[in-house]
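> Contents of structure-v2.pdb (PDB, C-alpha atoms) are below:
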ATOM      1  CA  MET U   1      33.137 -20.466  -9.977
ATOM      2  CA  THR U   2      34.993 -17.336 -10.911
ATOM      3  CA  VAL U   3      38.207 -16.345  -9.190
ATOM      4  CA  VAL U   4      38.816 -18.859  -6.463
ATOM      5  CA  GLU U   5      42.344 -18.303  -5.325
ATOM      6  CA  ARG U   6      44.194 -21.563  -5.272
ATOM      7  CA  ARG U   7      47.403 -20.784  -3.529
ATOM      8  CA  GLU U   8      49.005 -22.996  -0.953
ATOM      9  CA  ILE U   9      47.073 -22.681   2.258
ATOM     10  CA  ALA U  10      48.740 -20.269   4.634
ATOM     11  CA  LEU U  11      49.884 -21.797   7.891
ATOM     12  CA  VAL U  12      48.011 -19.225   9.976
ATOM     13  CA  ASP U  13      44.729 -20.021   8.256
ATOM     14  CA  LEU U  14      45.362 -23.686   8.885
ATOM     15  CA  LEU U  15      46.216 -23.162  12.556
ATOM     16  CA  ASP U  16      43.128 -20.999  13.069
ATOM     17  CA  ARG U  17      41.185 -24.114  12.214
ATOM     18  CA  LEU U  18      43.298 -27.001  13.479
ATOM     19  CA  LEU U  19      44.135 -25.467  16.844
ATOM     20  CA  ALA U  20      41.044 -23.388  17.472
ATOM     21  CA  GLY U  21      38.446 -25.451  15.566
ATOM     22  CA  GLY U  22      37.599 -29.126  15.424
ATOM     23  CA  VAL U  23      35.864 -31.215  18.054
ATOM     24  CA  VAL U  24      37.679 -31.074  21.352
ATOM     25  CA  ILE U  25      38.002 -34.522  22.871
ATOM     26  CA  LYS U  26      39.942 -35.478  25.899
ATOM     27  CA  GLY U  27      42.241 -38.137  24.505
ATOM     28  CA  ASP U  28      44.472 -40.499  26.477
ATOM     29  CA  ILE U  29      47.234 -38.015  25.947
ATOM     30  CA  THR U  30      45.809 -35.180  27.944
ATOM     31  CA  LEU U  31      47.200 -32.199  26.257
ATOM     32  CA  ARG U  32      45.259 -29.028  26.275
ATOM     33  CA  ILE U  33      46.305 -26.865  23.419
ATOM     34  CA  ALA U  34      44.858 -24.047  25.368
ATOM     35  CA  ASP U  35      45.084 -20.359  24.690
ATOM     36  CA  VAL U  36      48.320 -20.173  26.596
ATOM     37  CA  ASP U  37      50.031 -22.569  24.240
ATOM     38  CA  LEU U  38      48.622 -20.814  21.232
ATOM     39  CA  VAL U  39      50.102 -17.583  22.463
ATOM     40  CA  ARG U  40      53.443 -19.260  22.865
ATOM     41  CA  ILE U  41      53.286 -20.705  19.362
ATOM     42  CA  ASP U  42      52.479 -17.243  18.118
ATOM     43  CA  LEU U  43      55.415 -15.752  19.937
ATOM     44  CA  ASN U  44      57.869 -18.365  18.779
ATOM     45  CA  ALA U  45      56.815 -17.973  15.204
ATOM     46  CA  LEU U  46      57.016 -14.253  15.543
ATOM     47  CA  ILE U  47      60.539 -14.367  16.851
ATOM     48  CA  SER U  48      61.780 -16.765  14.203
ATOM     49  CA  SER U  49      60.139 -14.847  11.382
ATOM     50  CA  VAL U  50      61.660 -11.582  12.519
ATOM     51  CA  ASN U  51      65.077 -13.139  12.995
ATOM     52  CA  GLU U  52      65.251 -15.081   9.797
ATOM     53  CA  GLN U  53      64.131 -13.237   6.820
ATOM     54  CA  VAL U  54      62.211 -10.059   7.181
ATOM     55  CA  PRO U  55      63.546  -6.675   8.084
ATOM     56  CA  SER U  56      62.544  -5.616  11.548
ATOM     57  CA  PRO U  57      59.036  -4.160  11.500
ATOM     58  CA  TRP U  58      60.317  -1.243  13.541
ATOM     59  CA  GLY U  59      62.589  -0.069  10.790
ATOM     60  CA  GLU U  60      66.308   0.353  10.678
ATOM     61  CA  PHE U  61      67.853   2.992  12.814
ATOM     62  CA  THR U  62      71.140   3.888  11.253
TER      63      THR U  62
ATOM     64  CA  MET S   1      55.492 -51.521  19.441
ATOM     65  CA  THR S   2      52.668 -50.200  17.339
ATOM     66  CA  GLY S   3      52.642 -46.669  18.730
ATOM     67  CA  LEU S   4      49.846 -44.342  19.685
ATOM     68  CA  ARG S   5      46.656 -43.531  17.805
ATOM     69  CA  TYR S   6      46.171 -40.100  16.272
ATOM     70  CA  VAL S   7      42.535 -39.416  15.348
ATOM     71  CA  TYR S   8      41.769 -36.962  12.537
ATOM     72  CA  ALA S   9      38.052 -37.155  12.175
ATOM     73  CA  VAL S  10      34.875 -39.093  12.695
ATOM     74  CA  CYS S  11      32.492 -39.734   9.821
ATOM     75  CA  HIS S  12      29.762 -41.965   8.484
ATOM     76  CA  PRO S  13      30.923 -45.035   6.540
ATOM     77  CA  PHE S  14      31.705 -44.223   2.895
ATOM     78  CA  ASP S  15      32.066 -46.354  -0.231
ATOM     79  CA  ALA S  16      34.647 -44.553  -2.317
ATOM     80  CA  PRO S  17      38.273 -45.417  -1.585
ATOM     81  CA  LEU S  18      40.588 -42.834  -0.075
ATOM     82  CA  GLN S  19      43.331 -41.522  -2.306
ATOM     83  CA  ALA S  20      45.837 -44.375  -2.599
ATOM     84  CA  GLN S  21      49.090 -42.592  -1.795
ATOM     85  CA  LEU S  22      47.679 -40.654   1.122
ATOM     86  CA  LYS S  23      50.106 -40.248   4.000
ATOM     87  CA  GLY S  24      49.023 -38.937   7.342
ATOM     88  CA  VAL S  25      50.798 -37.456  10.317
ATOM     89  CA  ALA S  26      54.205 -39.085  10.877
ATOM     90  CA  GLY S  27      54.001 -40.667   7.402
ATOM     91  CA  ASP S  28      51.534 -43.379   8.375
ATOM     92  CA  PRO S  29      48.605 -43.919   5.977
ATOM     93  CA  PRO S  30      45.274 -43.223   7.657
ATOM     94  CA  ARG S  31      43.212 -46.259   8.616
ATOM     95  CA  LEU S  32      39.495 -46.565   9.175
ATOM     96  CA  LEU S  33      38.360 -47.822  12.548
ATOM     97  CA  SER S  34      34.696 -48.719  12.563
ATOM     98  CA  HIS S  35      32.639 -48.669  15.741
ATOM     99  CA  HIS S  36      28.847 -48.798  16.145
ATOM    100  CA  GLY S  37      28.331 -47.657  12.553
ATOM    101  CA  LEU S  38      30.664 -44.675  12.746
ATOM    102  CA  ILE S  39      34.210 -44.440  11.430
ATOM    103  CA  ALA S  40      37.202 -42.949  13.185
ATOM    104  CA  VAL S  41      40.053 -42.038  10.849
ATOM    105  CA  VAL S  42      43.253 -42.957  12.616
ATOM    106  CA  SER S  43      47.039 -43.054  12.125
ATOM    107  CA  HIS S  44      49.677 -44.842  14.146
ATOM    108  CA  VAL S  45      52.126 -42.311  15.537
ATOM    109  CA  PRO S  46      55.331 -42.839  17.521
ATOM    110  CA  GLU S  47      55.407 -42.267  21.267
ATOM    111  CA  ARG S  48      58.642 -40.347  20.979
ATOM    112  CA  ASP S  49      56.768 -37.467  19.339
ATOM    113  CA  PHE S  50      53.201 -37.890  20.482
ATOM    114  CA  SER S  51      53.187 -38.822  24.132
ATOM    115  CA  GLU S  52      52.403 -35.970  26.435
ATOM    116  CA  GLU S  53      55.765 -34.389  27.189
ATOM    117  CA  PRO S  54      57.330 -34.595  23.713
ATOM    118  CA  LEU S  55      54.109 -33.402  22.128
ATOM    119  CA  ARG S  56      54.041 -30.285  24.255
ATOM    120  CA  ARG S  57      57.595 -29.460  23.188
ATOM    121  CA  ARG S  58      56.987 -30.378  19.562
ATOM    122  CA  LEU S  59      54.032 -28.027  19.284
ATOM    123  CA  GLU S  60      56.350 -25.128  19.895
ATOM    124  CA  ASP S  61      58.628 -26.199  17.081
ATOM    125  CA  LEU S  62      57.289 -24.306  14.082
ATOM    126  CA  ASP S  63      58.705 -26.672  11.452
ATOM    127  CA  TRP S  64      57.246 -29.718  13.152
ATOM    128  CA  LEU S  65      53.962 -27.928  13.718
ATOM    129  CA  THR S  66      53.802 -26.936  10.049
ATOM    130  CA  GLU S  67      54.500 -30.426   8.817
ATOM    131  CA  THR S  68      52.014 -32.010  11.196
ATOM    132  CA  ALA S  69      49.314 -29.452  10.451
ATOM    133  CA  ARG S  70      49.719 -29.969   6.694
ATOM    134  CA  ALA S  71      49.609 -33.752   7.046
ATOM    135  CA  HIS S  72      46.478 -33.479   9.194
ATOM    136  CA  GLN S  73      44.897 -31.183   6.636
ATOM    137  CA  SER S  74      45.732 -33.466   3.697
ATOM    138  CA  VAL S  75      43.869 -36.338   5.381
ATOM    139  CA  ILE S  76      40.868 -34.126   6.118
ATOM    140  CA  ASP S  77      40.962 -32.859   2.519
ATOM    141  CA  ALA S  78      40.970 -36.397   1.143
ATOM    142  CA  LEU S  79      38.029 -37.279   3.389
ATOM    143  CA  THR S  80      36.151 -34.215   2.208
ATOM    144  CA  VAL S  81      36.227 -35.609  -1.327
ATOM    145  CA  VAL S  82      34.324 -38.746  -0.315
ATOM    146  CA  THR S  83      32.208 -37.675   2.666
ATOM    147  CA  THR S  84      31.576 -34.851   5.151
ATOM    148  CA  PRO S  85      34.079 -35.479   7.941
ATOM    149  CA  LEU S  86      33.750 -34.165  11.448
ATOM    150  CA  PRO S  87      37.299 -32.925  12.087
ATOM    151  CA  LEU S  88      38.794 -33.280  15.562
ATOM    152  CA  ARG S  89      41.131 -30.772  17.163
ATOM    153  CA  MET S  90      44.717 -31.259  16.032
ATOM    154  CA  ALA S  91      46.749 -33.722  18.138
ATOM    155  CA  THR S  92      43.931 -35.807  19.603
ATOM    156  CA  VAL S  93      45.863 -38.898  20.653
ATOM    157  CA  PHE S  94      44.933 -42.239  22.272
ATOM    158  CA  ARG S  95      46.997 -45.118  23.612
ATOM    159  CA  ASP S  96      45.436 -47.788  21.399
ATOM    160  CA  ASP S  97      42.406 -48.705  19.285
ATOM    161  CA  SER S  98      40.375 -49.602  22.324
ATOM    162  CA  GLY S  99      40.896 -46.096  23.724
ATOM    163  CA  VAL S 100      39.500 -44.721  20.460
ATOM    164  CA  ARG S 101      36.494 -47.060  20.675
ATOM    165  CA  VAL S 102      35.727 -46.048  24.252
ATOM    166  CA  MET S 103      35.801 -42.390  23.197
ATOM    167  CA  MET S 104      33.516 -43.065  20.219
ATOM    168  CA  GLU S 105      31.049 -44.831  22.405
ATOM    169  CA  ALA S 106      30.996 -42.001  24.926
ATOM    170  CA  ARG S 107      30.493 -39.342  22.253
ATOM    171  CA  GLU S 108      28.343 -41.277  19.819
ATOM    172  CA  ASP S 109      25.213 -39.132  20.189
ATOM    173  CA  ASP S 110      27.153 -35.865  19.859
ATOM    174  CA  PHE S 111      28.936 -37.157  16.775
ATOM    175  CA  ARG S 112      25.724 -38.207  15.077
ATOM    176  CA  ARG S 113      24.043 -34.904  15.831
ATOM    177  CA  THR S 114      26.950 -32.843  14.577
ATOM    178  CA  LEU S 115      27.464 -34.979  11.464
ATOM    179  CA  GLU S 116      23.808 -34.451  10.678
ATOM    180  CA  ARG S 117      24.148 -30.687  11.102
ATOM    181  CA  LEU S 118      27.257 -30.496   8.893
ATOM    182  CA  ALA S 119      26.252 -32.975   6.180
ATOM    183  CA  GLY S 120      26.874 -31.487   2.728
ATOM    184  CA  ARG S 121      28.278 -28.243   4.175
ATOM    185  CA  VAL S 122      31.679 -26.663   3.746
ATOM    186  CA  GLU S 123      33.432 -23.787   5.427
ATOM    187  CA  TRP S 124      34.691 -20.651   3.683
ATOM    188  CA  GLY S 125      37.125 -18.254   5.286
ATOM    189  CA  VAL S 126      36.900 -14.521   4.622
ATOM    190  CA  LYS S 127      39.396 -11.954   5.840
ATOM    191  CA  VAL S 128      39.394  -8.206   5.480
ATOM    192  CA  TYR S 129      42.594  -6.186   5.681
ATOM    193  CA  ALA S 130      43.086  -2.467   5.639
ATOM    194  CA  GLU S 131      46.165  -0.369   5.486
ATOM    195  CA  ALA S 132      46.729   3.312   5.816
ATOM    196  CA  GLU S 133      48.046   4.730   2.595
ATOM    197  CA  GLN S 134      51.629   5.794   2.707
ATOM    198  CA  GLN S 135      51.529   9.420   1.831
ATOM    199  CA  ALA S 136      54.189  10.229  -0.683
ATOM    200  CA  PRO S 137      56.442  12.992   0.626
ATOM    201  CA  ALA S 138      55.814  14.944  -2.569
ATOM    202  CA  ALA S 139      52.063  14.966  -2.044
ATOM    203  CA  ALA S 140      52.102  17.592   0.677
ATOM    204  CA  PRO S 141      53.903  20.864   0.209
ATOM    205  CA  LYS S 142      56.764  21.441   2.591
ATOM    206  CA  PRO S 143      55.288  23.193   5.629
ATOM    207  CA  ALA S 144      56.271  26.835   5.699
ATOM    208  CA  SER S 145      55.782  27.210   9.417
ATOM    209  CA  GLY S 146      55.045  25.306  12.604
ATOM    210  CA  ARG S 147      51.388  26.113  12.229
ATOM    211  CA  ASP S 148      51.403  24.764   8.677
ATOM    212  CA  TYR S 149      53.051  21.608   9.862
ATOM    213  CA  LEU S 150      50.450  21.074  12.551
ATOM    214  CA  ARG S 151      47.643  21.704  10.116
ATOM    215  CA  GLN S 152      49.033  19.140   7.664
ATOM    216  CA  ARG S 153      49.626  16.672  10.437
ATOM    217  CA  ARG S 154      46.051  17.053  11.720
ATOM    218  CA  SER S 155      44.613  16.566   8.285
ATOM    219  CA  GLN S 156      46.711  13.434   7.762
ATOM    220  CA  VAL S 157      45.533  12.018  11.093
ATOM    221  CA  ARG S 158      41.943  12.803  10.157
ATOM    222  CA  THR S 159      42.347  11.061   6.797
ATOM    223  CA  ASP S 160      43.747   7.986   8.545
ATOM    224  CA  GLU S 161      40.942   7.978  11.084
ATOM    225  CA  ASP S 162      38.363   8.232   8.329
ATOM    226  CA  MET S 163      40.010   5.371   6.514
ATOM    227  CA  TRP S 164      39.976   3.105   9.586
ATOM    228  CA  GLN S 165      36.391   3.963  10.291
ATOM    229  CA  ARG S 166      35.370   3.238   6.708
ATOM    230  CA  ALA S 167      37.263  -0.030   6.807
ATOM    231  CA  GLU S 168      35.620  -1.076  10.096
ATOM    232  CA  GLU S 169      32.210  -0.237   8.670
ATOM    233  CA  PHE S 170      32.969  -2.153   5.512
ATOM    234  CA  ALA S 171      34.067  -5.236   7.481
ATOM    235  CA  THR S 172      30.963  -5.090   9.690
ATOM    236  CA  ARG S 173      28.692  -4.720   6.682
ATOM    237  CA  LEU S 174      30.410  -7.550   4.815
ATOM    238  CA  HIS S 175      30.163  -9.860   7.822
ATOM    239  CA  ALA S 176      26.464  -9.077   8.200
ATOM    240  CA  SER S 177      25.697  -9.789   4.566
ATOM    241  CA  LEU S 178      27.760 -12.996   4.413
ATOM    242  CA  SER S 179      26.278 -14.192   7.715
ATOM    243  CA  SER S 180      22.796 -13.726   6.415
ATOM    244  CA  TYR S 181      23.652 -15.837   3.378
ATOM    245  CA  ALA S 182      25.504 -18.546   5.314
ATOM    246  CA  GLU S 183      23.889 -21.042   7.687
ATOM    247  CA  ASP S 184      26.258 -20.156  10.478
ATOM    248  CA  SER S 185      29.349 -18.057  11.081
ATOM    249  CA  ARG S 186      32.268 -17.821  13.491
ATOM    250  CA  LEU S 187      34.683 -15.010  14.175
ATOM    251  CA  HIS S 188      38.317 -15.986  14.616
ATOM    252  CA  ALA S 189      40.762 -13.683  16.328
ATOM    253  CA  PRO S 190      42.425 -11.267  13.904
ATOM    254  CA  GLN S 191      45.690 -12.700  12.643
ATOM    255  CA  ASN S 192      49.040 -11.547  13.816
ATOM    256  CA  PRO S 193      50.646  -9.824  10.800
ATOM    257  CA  ALA S 194      54.100 -11.136  11.703
ATOM    258  CA  LEU S 195      52.750 -14.662  11.518
ATOM    259  CA  SER S 196      50.611 -14.253   8.414
ATOM    260  CA  ARG S 197      53.160 -12.030   6.639
ATOM    261  CA  ALA S 198      50.167 -10.236   5.186
ATOM    262  CA  SER S 199      50.327  -6.521   4.808
ATOM    263  CA  GLY S 200      47.792  -4.331   6.536
ATOM    264  CA  ARG S 201      45.736  -4.834   9.668
ATOM    265  CA  ASN S 202      43.432  -7.835   9.789
ATOM    266  CA  LEU S 203      40.003  -6.424  10.668
ATOM    267  CA  LEU S 204      37.830  -9.433   9.976
ATOM    268  CA  ASN S 205      38.786 -13.094  10.184
ATOM    269  CA  ALA S 206      35.592 -15.059   9.830
ATOM    270  CA  ALA S 207      34.383 -18.511   8.847
ATOM    271  CA  TYR S 208      31.046 -19.221   7.166
ATOM    272  CA  LEU S 209      29.194 -22.505   6.960
ATOM    273  CA  VAL S 210      27.680 -22.882   3.508
ATOM    274  CA  PRO S 211      25.939 -25.805   1.785
ATOM    275  CA  ARG S 212      28.297 -27.180  -0.831
ATOM    276  CA  ASP S 213      25.613 -26.549  -3.462
ATOM    277  CA  SER S 214      25.446 -22.847  -2.623
ATOM    278  CA  SER S 215      29.203 -22.359  -2.571
ATOM    279  CA  GLU S 216      29.365 -20.918  -6.042
ATOM    280  CA  GLU S 217      26.955 -18.142  -5.128
ATOM    281  CA  PHE S 218      28.778 -17.497  -1.890
ATOM    282  CA  VAL S 219      32.083 -17.127  -3.715
ATOM    283  CA  GLU S 220      30.475 -14.747  -6.198
ATOM    284  CA  LEU S 221      29.106 -12.696  -3.342
ATOM    285  CA  VAL S 222      32.617 -12.339  -1.931
ATOM    286  CA  ASP S 223      34.084 -11.620  -5.346
ATOM    287  CA  ARG S 224      31.697  -8.740  -5.864
ATOM    288  CA  THR S 225      32.886  -7.072  -2.672
ATOM    289  CA  LYS S 226      36.449  -7.501  -3.870
ATOM    290  CA  ASP S 227      35.601  -5.343  -6.842
ATOM    291  CA  GLU S 228      34.155  -2.769  -4.493
ATOM    292  CA  THR S 229      37.337  -2.600  -2.418
ATOM    293  CA  ARG S 230      39.555  -2.367  -5.464
ATOM    294  CA  ALA S 231      37.710   0.655  -6.753
ATOM    295  CA  GLY S 232      39.238   3.913  -5.727
ATOM    296  CA  GLY S 233      42.297   2.637  -3.861
ATOM    297  CA  SER S 234      40.429   2.245  -0.597
ATOM    298  CA  GLY S 235      43.345   0.542   1.169
ATOM    299  CA  MET S 236      41.104  -2.466   1.890
ATOM    300  CA  ARG S 237      41.523  -6.024   0.754
ATOM    301  CA  VAL S 238      39.267  -9.084   0.966
ATOM    302  CA  GLU S 239      40.710 -12.592   0.975
ATOM    303  CA  LEU S 240      38.799 -15.802   0.525
ATOM    304  CA  THR S 241      40.008 -19.271   1.546
ATOM    305  CA  GLY S 242      38.296 -22.600   1.139
ATOM    306  CA  PRO S 243      36.391 -24.713   0.771
ATOM    307  CA  TRP S 244      37.446 -26.152   4.122
ATOM    308  CA  ALA S 245      35.991 -29.042   6.055
ATOM    309  CA  ALA S 246      33.764 -27.470   8.693
ATOM    310  CA  TYR S 247      36.517 -27.120  11.316
ATOM    311  CA  SER S 248      35.133 -23.951  12.829
ATOM    312  CA  PHE S 249      31.666 -25.446  13.239
ATOM    313  CA  ALA S 250      32.583 -28.834  14.643
ATOM    314  CA  GLY S 251      32.031 -27.822  18.260
ATOM    315  CA  GLU S 252      28.640 -27.658  19.888
ATOM    316  CA  GLN S 253      26.386 -25.036  18.382
ATOM    317  CA  SER S 254      26.686 -21.699  20.078
TER     318      SER S 254
END
Mind converting the file's structure to structure tokens?

Amino acid sequence: MTVVERREIALVDLLDRLLAGGVVIKGDITLRIADVDLVRIDLNALISSVNEQVPSPWGEFT
Amino acid sequence: MTGLRYVYAVCHPFDAPLQAQLKGVAGDPPRLLSHHGLIAVVSHVPERDFSEEPLRRRLEDLDWLTETARAHQSVIDALTVVTTPLPLRMATVFRDDSGVRVMMEAREDDFRRTLERLAGRVEWGVKVYAEAEQQAPAAAPKPASGRDYLRQRRSQVRTDEDMWQRAEEFATRLHASLSSYAEDSRLHAPQNPALSRASGRNLLNAAYLVPRDSSEEFVELVDRTKDETRAGGSGMRVELTGPWAAYSFAGEQS
């Protein structure tokens, strides 16, 4: 194989698969990681990533 | 108190041992629970994190989610070395072993069919990004008049529109050619750039099911398109991830 990139797997790529893929089985713990929850996870992550380290994507108004 | 049962995957029995130091979700080494000739790969997890209410809260905690997702993935990865696992959705939890057995019995036929379909296959992820080129201020002469300004502005907008259209066409073409090579494909929603921290707009986020033996050719196919996007500063980028267990193809066939 030529250039297979072997970086640490990005969390988003992982979540695309773990939360949207895989066989869905109703377990004893009936939790539906439904689209609603995914949206919330997205939002939370978004907020923390904007707060913590990166400059606001809307630029600085000084 | 032995806790709840977290199920990672179902697979056929395998001979090779799992990696010795392997730790699963919540630090518990995965165990193999055999039922009617199939294996469920299971960890014991504490109720304080994995019963219904706490789990719902925990899933919104990004650090916990990250740690759990990575632990889940490391078990699936280890399984992929010795067999073709059928991965379950993250956070599939049962009260006890007998709950897992009841589930396996109910789904036995599905599991066998899907394991058959996925045997010897892996998943590759391909993403296409595009970004409008930042025009250097020096590139355009300072507009001499309002009309000049509007003309420059229009031409910039046109250039951007052309770029997006080219990028869309490229992504569509790439998806068509990879799909025709792969046995199956799935489109994931484009990724949120704030979450992926990737630059540019994610135009294609796809998964392809490829026989393990054909993976090398598939990777070369993707690599060739990378060369194409690099040429001429097109503003496009192709990213490859994998090989993954066939997460995106574990559901019923569409």
> Got a sec: who's within 7 Å of segment 25-29 of chain U, counting only C-alpha atoms, leaving out chain neighbours fewer than 4 positions off, as a PDB file with C-alpha atoms, in the coordinates of the input?

ATOM      1  CA  SER S  51      53.187 -38.822  24.132  1.00  0.00           C
ATOM      2  CA  GLU S  52      52.403 -35.970  26.435  1.00  0.00           C
ATOM      3  CA  THR S  92      43.931 -35.807  19.603  1.00  0.00           C
ATOM      4  CA  VAL S  93      45.863 -38.898  20.653  1.00  0.00           C
ATOM      5  CA  PHE S  94      44.933 -42.239  22.272  1.00  0.00           C
ATOM      6  CA  ARG S  95      46.997 -45.118  23.612  1.00  0.00           C
TER       7      ARG S  95
END
> Given the file above and the PyMOL selection byres ((chain S) within 7 of (chain U)), which residues are selected, and can you give them as a list of chain:residue names?
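In the shown coordinates, the PyMOL selection byres ((chain S) within 7 of (chain U)) covers S:Ser51, S:Glu52, S:Glu60, S:Leu62, S:Thr66, S:Pro87, S:Leu88, S:Arg89, S:Met90, S:Thr92, S:Val93, S:Phe94, S:Arg95, S:Ala194, S:Leu195, S:Ser196, S:Glu216, S:Tyr247, S:Ser248, S:Ala250, S:Gly251.
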> On this structure, which residues satisfy the PyMOL selection byres ((chain S and resi 107) around 12), written as a list in words?
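Written out, the selection comes to Val23, Val24, Ile25 and Lys26 of chain U; Val10, His35, His36, Leu38, Ala40, Val100, Arg101, Val102, Met103, Met104, Glu105, Ala106, Glu108, Asp109, Asp110, Phe111, Arg112, Arg113 and Thr114 of chain S.
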> Just say which residues the PyMOL selection byres ((chain S and resi 45) around 6) picks in this file, as a compact mmCIF listing (two decimals) with C-alpha atoms, in the coordinates of the input.

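Generated file (result-v1.txt):
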# COMPACT_ATOMS: atom_id res chain seq x y z
CA GLY S 3 52.64 -46.67 18.73
CA LEU S 4 49.85 -44.34 19.68
CA HIS S 44 49.68 -44.84 14.15
CA PRO S 46 55.33 -42.84 17.52
> Contacts of segment 119-130 of chain S at 9 Å or less, counting all atoms listed in the file, minus same-chain residues fewer than 5 places along, as a PyMOL selection string?
(chain U and resi 13) or (chain S and resi 80+83-85+114+163-164+167-168+170-171+175+190+198-213+215+218-219+222+234-249)
> Using the file's own x, y and z axes, so that the box edges lie along x, y and z, what centre and edge lengths in Å (one decimal) does a box around every listed atom of segment 83-102 of chain S get when 8 Å is added on each side? Give it as lines of an AutoDock Vina configuration file.

center_x = 39.3
center_y = -40.2
center_z = 13.5
size_x = 31.4
size_y = 34.8
size_z = 37.6
> So how many Å separate atom CA of Ile39 of chain S and atom CA of Pro13 of chain S, to one decimal?
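We find that atom CA of Ile39 of chain S and atom CA of Pro13 of chain S lie 5.9 Å from each other.
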> From the options S:Pro143, S:Ala71, S:Glu217, S:Leu115, which residue's atoms come nearest to Tyr181 of chain S, counting all atoms listed in the file?
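Answer, going by the shortest atom-to-atom distance: S:Glu217.
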